[in-house]
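Take a look at the structure below.
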Amino acid sequence: MYTVYILYSEKFHKTNVGYTTHLALRFYQHNGTGKGWTSRYRPWKVAYCEYYDDKSTAIQKEKWLKS
């Protein structure tokens with residue numbers, strides 16, 4: 001199962017779109033242990049998510065949301 005998600009930072013009014021097979025772990029990485037772009041805009045909240053059975057469909061949806 002693949003999850004396409006949108007995270008939202010209320011403090012900075014930023015969104016982050018991605019996909020994962022483990023949403024809880026990915027959310028924890030964005031809010032606690034991860035480095036890079038998302039670490040600058042903590043805290044993140046899950047604003048939206050959709051579930052897919054196959055990776056290619058999840059990637060297509062992620063790209064569509066980012067466009």
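Every chain in the structure tokens takes a letter, A first, then B, and so on in the order presented; its residues are numbered from 1, and the ligands are numbered from 1 following the presented order.
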Skip range 23-35 of chain A itself and residues of its chain fewer than 2 positions away, then list as a list in words all residues within 10 Å of it, counting only C-alpha atoms.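 After dropping sequence-adjacent residues, the list is Tyr2, Thr3, Val4, Tyr5, Leu7, Asn16, Gly18, Tyr19, Thr20, Thr21, Trp37, Thr38, Ser39, Arg40, Tyr41, Arg42, Pro43, Trp44, Lys45, Val46 and Cys49 of chain A.
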Please produce a file of those selected residues containing C-alpha atoms, as a compact mmCIF listing (two decimals), in the first residue's frame.
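Written out: again_10.txt:
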# COMPACT_ATOMS: atom_id res chain seq x y z
CA TYR A 2 1.31 3.45 -0.96
CA THR A 3 0.18 6.70 0.61
CA VAL A 4 0.33 10.03 -1.21
CA TYR A 5 0.31 12.82 1.35
CA LEU A 7 1.84 18.06 4.79
CA ASN A 16 5.02 19.37 1.14
CA GLY A 18 5.21 13.07 -1.20
CA TYR A 19 4.49 9.37 -1.18
CA THR A 20 5.50 6.59 1.18
CA THR A 21 4.71 3.07 2.27
CA TRP A 37 14.17 21.53 3.24
CA THR A 38 11.35 20.20 5.44
CA SER A 39 13.31 20.66 8.68
CA ARG A 40 13.16 24.45 8.24
CA TYR A 41 9.35 24.56 8.31
CA ARG A 42 8.46 22.40 11.31
CA PRO A 43 6.00 21.56 12.72
CA TRP A 44 4.12 19.75 9.93
CA LYS A 45 0.55 18.46 10.02
CA VAL A 46 -0.96 15.88 7.69
CA CYS A 49 -3.68 11.59 2.12
Based on the backbone DSSP call, show me all residues of chain A assigned helix (DSSP H, G or I), as a VMD selection string. chain A and resid 23 to 33 37 to 41 55 to 66
Export, as a compact mmCIF listing (two decimals), in the first residue's frame, the selected residues with N, CA and C atoms.
# COMPACT_ATOMS: atom_id res chain seq x y z
N LEU A 23 3.32 6.00 6.37
CA LEU A 23 3.04 7.41 6.62
C LEU A 23 3.49 7.86 8.01
N ALA A 24 3.25 7.07 9.01
CA ALA A 24 3.62 7.48 10.37
C ALA A 24 5.13 7.71 10.49
N LEU A 25 5.92 6.81 9.92
CA LEU A 25 7.38 6.97 9.97
C LEU A 25 7.80 8.20 9.17
N ARG A 26 7.22 8.39 8.00
CA ARG A 26 7.60 9.55 7.17
C ARG A 26 7.24 10.85 7.88
N PHE A 27 6.08 10.89 8.50
CA PHE A 27 5.65 12.07 9.25
C PHE A 27 6.64 12.36 10.39
N TYR A 28 7.05 11.31 11.10
CA TYR A 28 8.04 11.47 12.17
C TYR A 28 9.36 12.01 11.62
N GLN A 29 9.79 11.52 10.46
CA GLN A 29 11.03 11.99 9.87
C GLN A 29 10.95 13.47 9.51
N HIS A 30 9.84 13.90 8.98
CA HIS A 30 9.68 15.31 8.62
C HIS A 30 9.64 16.21 9.86
N ASN A 31 9.07 15.71 10.93
CA ASN A 31 8.91 16.53 12.13
C ASN A 31 10.02 16.36 13.16
N GLY A 32 10.84 15.36 13.04
CA GLY A 32 11.79 15.15 14.12
C GLY A 32 13.22 14.87 13.70
N THR A 33 13.43 13.88 12.85
CA THR A 33 14.78 13.43 12.60
C THR A 33 15.33 13.82 11.24
N TRP A 37 15.17 20.48 3.45
CA TRP A 37 14.17 21.53 3.24
C TRP A 37 13.05 21.48 4.27
N THR A 38 12.50 20.29 4.54
CA THR A 38 11.35 20.20 5.44
C THR A 38 11.69 20.54 6.89
N SER A 39 12.94 20.38 7.29
CA SER A 39 13.31 20.66 8.68
C SER A 39 13.18 22.15 9.01
N ARG A 40 13.25 23.00 8.01
CA ARG A 40 13.16 24.45 8.24
C ARG A 40 11.74 24.93 8.54
N TYR A 41 10.73 24.10 8.22
CA TYR A 41 9.35 24.56 8.31
C TYR A 41 8.52 23.77 9.31
N LYS A 55 2.74 1.41 -6.89
CA LYS A 55 3.69 2.51 -6.79
C LYS A 55 3.55 3.50 -7.95
N SER A 56 3.36 3.00 -9.16
CA SER A 56 3.32 3.89 -10.32
C SER A 56 2.14 4.86 -10.25
N THR A 57 1.00 4.40 -9.78
CA THR A 57 -0.16 5.29 -9.63
C THR A 57 0.10 6.33 -8.55
N ALA A 58 0.74 5.92 -7.47
CA ALA A 58 1.06 6.86 -6.38
C ALA A 58 2.02 7.94 -6.88
N ILE A 59 3.01 7.54 -7.67
CA ILE A 59 3.98 8.51 -8.21
C ILE A 59 3.29 9.48 -9.16
N GLN A 60 2.39 8.97 -9.99
CA GLN A 60 1.65 9.85 -10.91
C GLN A 60 0.83 10.87 -10.14
N LYS A 61 0.15 10.45 -9.07
CA LYS A 61 -0.65 11.37 -8.28
C LYS A 61 0.23 12.40 -7.57
N GLU A 62 1.37 11.96 -7.04
CA GLU A 62 2.30 12.88 -6.40
C GLU A 62 2.76 13.96 -7.39
N LYS A 63 3.14 13.54 -8.60
CA LYS A 63 3.57 14.51 -9.61
C LYS A 63 2.46 15.47 -9.99
N TRP A 64 1.24 14.94 -10.09
CA TRP A 64 0.09 15.80 -10.41
C TRP A 64 -0.12 16.84 -9.33
N LEU A 65 -0.05 16.44 -8.06
CA LEU A 65 -0.24 17.37 -6.95
C LEU A 65 0.87 18.41 -6.91
N LYS A 66 2.07 18.05 -7.30
CA LYS A 66 3.19 18.99 -7.28
C LYS A 66 3.14 19.98 -8.45
Going by DSSP on the backbone, which bits of range 3-57 of chain A are strand (DSSP E)? Write them as a list in words, please.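 Reading the DSSP output for range 3-57 of chain A, strand (DSSP E) covers Thr3, Val4, Tyr5, Ile6, Leu7, Tyr8, Ser9, Lys14, Thr15, Asn16, Val17, Gly18, Tyr19, Thr20, Lys45, Val46, Ala47, Tyr48, Cys49, Glu50, Tyr51 and Tyr52 of chain A.
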Keeping only N, CA and C atoms, write the selected residues to a file as a PDB file, in the first residue's frame.
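Generated output (part-v6.pdb):
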ATOM      1  N   THR A   3       0.933   5.539   0.178  1.00  0.00           N
ATOM      2  CA  THR A   3       0.180   6.704   0.608  1.00  0.00           C
ATOM      3  C   THR A   3       0.779   7.948  -0.037  1.00  0.00           C
ATOM      4  N   VAL A   4      -0.058   8.710  -0.704  1.00  0.00           N
ATOM      5  CA  VAL A   4       0.325  10.033  -1.209  1.00  0.00           C
ATOM      6  C   VAL A   4      -0.192  11.030  -0.185  1.00  0.00           C
ATOM      7  N   TYR A   5       0.679  11.932   0.252  1.00  0.00           N
ATOM      8  CA  TYR A   5       0.307  12.824   1.346  1.00  0.00           C
ATOM      9  C   TYR A   5       0.635  14.281   1.023  1.00  0.00           C
ATOM     10  N   ILE A   6      -0.082  15.155   1.702  1.00  0.00           N
ATOM     11  CA  ILE A   6       0.232  16.583   1.704  1.00  0.00           C
ATOM     12  C   ILE A   6       0.405  16.983   3.156  1.00  0.00           C
ATOM     13  N   LEU A   7       1.577  17.520   3.462  1.00  0.00           N
ATOM     14  CA  LEU A   7       1.838  18.057   4.792  1.00  0.00           C
ATOM     15  C   LEU A   7       1.709  19.575   4.719  1.00  0.00           C
ATOM     16  N   TYR A   8       1.303  20.180   5.822  1.00  0.00           N
ATOM     17  CA  TYR A   8       1.135  21.631   5.857  1.00  0.00           C
ATOM     18  C   TYR A   8       1.805  22.197   7.101  1.00  0.00           C
ATOM     19  N   SER A   9       2.546  23.278   6.912  1.00  0.00           N
ATOM     20  CA  SER A   9       3.152  24.012   8.012  1.00  0.00           C
ATOM     21  C   SER A   9       2.357  25.301   8.220  1.00  0.00           C
ATOM     22  N   LYS A  14       3.470  26.654   4.283  1.00  0.00           N
ATOM     23  CA  LYS A  14       4.136  25.839   3.261  1.00  0.00           C
ATOM     24  C   LYS A  14       3.458  24.476   3.183  1.00  0.00           C
ATOM     25  N   THR A  15       3.528  23.873   2.009  1.00  0.00           N
ATOM     26  CA  THR A  15       3.054  22.507   1.838  1.00  0.00           C
ATOM     27  C   THR A  15       4.192  21.633   1.338  1.00  0.00           C
ATOM     28  N   ASN A  16       4.061  20.349   1.610  1.00  0.00           N
ATOM     29  CA  ASN A  16       5.017  19.368   1.136  1.00  0.00           C
ATOM     30  C   ASN A  16       4.229  18.162   0.655  1.00  0.00           C
ATOM     31  N   VAL A  17       4.499  17.711  -0.558  1.00  0.00           N
ATOM     32  CA  VAL A  17       3.801  16.572  -1.153  1.00  0.00           C
ATOM     33  C   VAL A  17       4.792  15.438  -1.329  1.00  0.00           C
ATOM     34  N   GLY A  18       4.353  14.230  -1.020  1.00  0.00           N
ATOM     35  CA  GLY A  18       5.211  13.073  -1.200  1.00  0.00           C
ATOM     36  C   GLY A  18       4.413  11.792  -1.203  1.00  0.00           C
ATOM     37  N   TYR A  19       5.131  10.673  -1.313  1.00  0.00           N
ATOM     38  CA  TYR A  19       4.488   9.368  -1.183  1.00  0.00           C
ATOM     39  C   TYR A  19       5.383   8.469  -0.347  1.00  0.00           C
ATOM     40  N   THR A  20       4.767   7.482   0.285  1.00  0.00           N
ATOM     41  CA  THR A  20       5.497   6.590   1.180  1.00  0.00           C
ATOM     42  C   THR A  20       4.717   5.297   1.352  1.00  0.00           C
ATOM     43  N   LYS A  45       1.784  19.209   9.749  1.00  0.00           N
ATOM     44  CA  LYS A  45       0.553  18.463  10.021  1.00  0.00           C
ATOM     45  C   LYS A  45       0.152  17.747   8.739  1.00  0.00           C
ATOM     46  N   VAL A  46      -0.446  16.574   8.876  1.00  0.00           N
ATOM     47  CA  VAL A  46      -0.962  15.879   7.694  1.00  0.00           C
ATOM     48  C   VAL A  46      -2.259  16.564   7.300  1.00  0.00           C
ATOM     49  N   ALA A  47      -2.274  17.147   6.102  1.00  0.00           N
ATOM     50  CA  ALA A  47      -3.450  17.858   5.616  1.00  0.00           C
ATOM     51  C   ALA A  47      -4.332  16.965   4.751  1.00  0.00           C
ATOM     52  N   TYR A  48      -3.715  15.977   4.079  1.00  0.00           N
ATOM     53  CA  TYR A  48      -4.477  15.148   3.140  1.00  0.00           C
ATOM     54  C   TYR A  48      -3.671  13.898   2.827  1.00  0.00           C
ATOM     55  N   CYS A  49      -4.363  12.791   2.594  1.00  0.00           N
ATOM     56  CA  CYS A  49      -3.684  11.585   2.120  1.00  0.00           C
ATOM     57  C   CYS A  49      -4.643  10.708   1.327  1.00  0.00           C
ATOM     58  N   GLU A  50      -4.083   9.990   0.385  1.00  0.00           N
ATOM     59  CA  GLU A  50      -4.802   9.031  -0.451  1.00  0.00           C
ATOM     60  C   GLU A  50      -3.985   7.752  -0.474  1.00  0.00           C
ATOM     61  N   TYR A  51      -4.661   6.629  -0.681  1.00  0.00           N
ATOM     62  CA  TYR A  51      -3.998   5.330  -0.657  1.00  0.00           C
ATOM     63  C   TYR A  51      -4.098   4.650  -2.022  1.00  0.00           C
ATOM     64  N   TYR A  52      -2.998   4.002  -2.425  1.00  0.00           N
ATOM     65  CA  TYR A  52      -2.919   3.326  -3.716  1.00  0.00           C
ATOM     66  C   TYR A  52      -2.286   1.952  -3.543  1.00  0.00           C
TER      67      TYR A  52
END
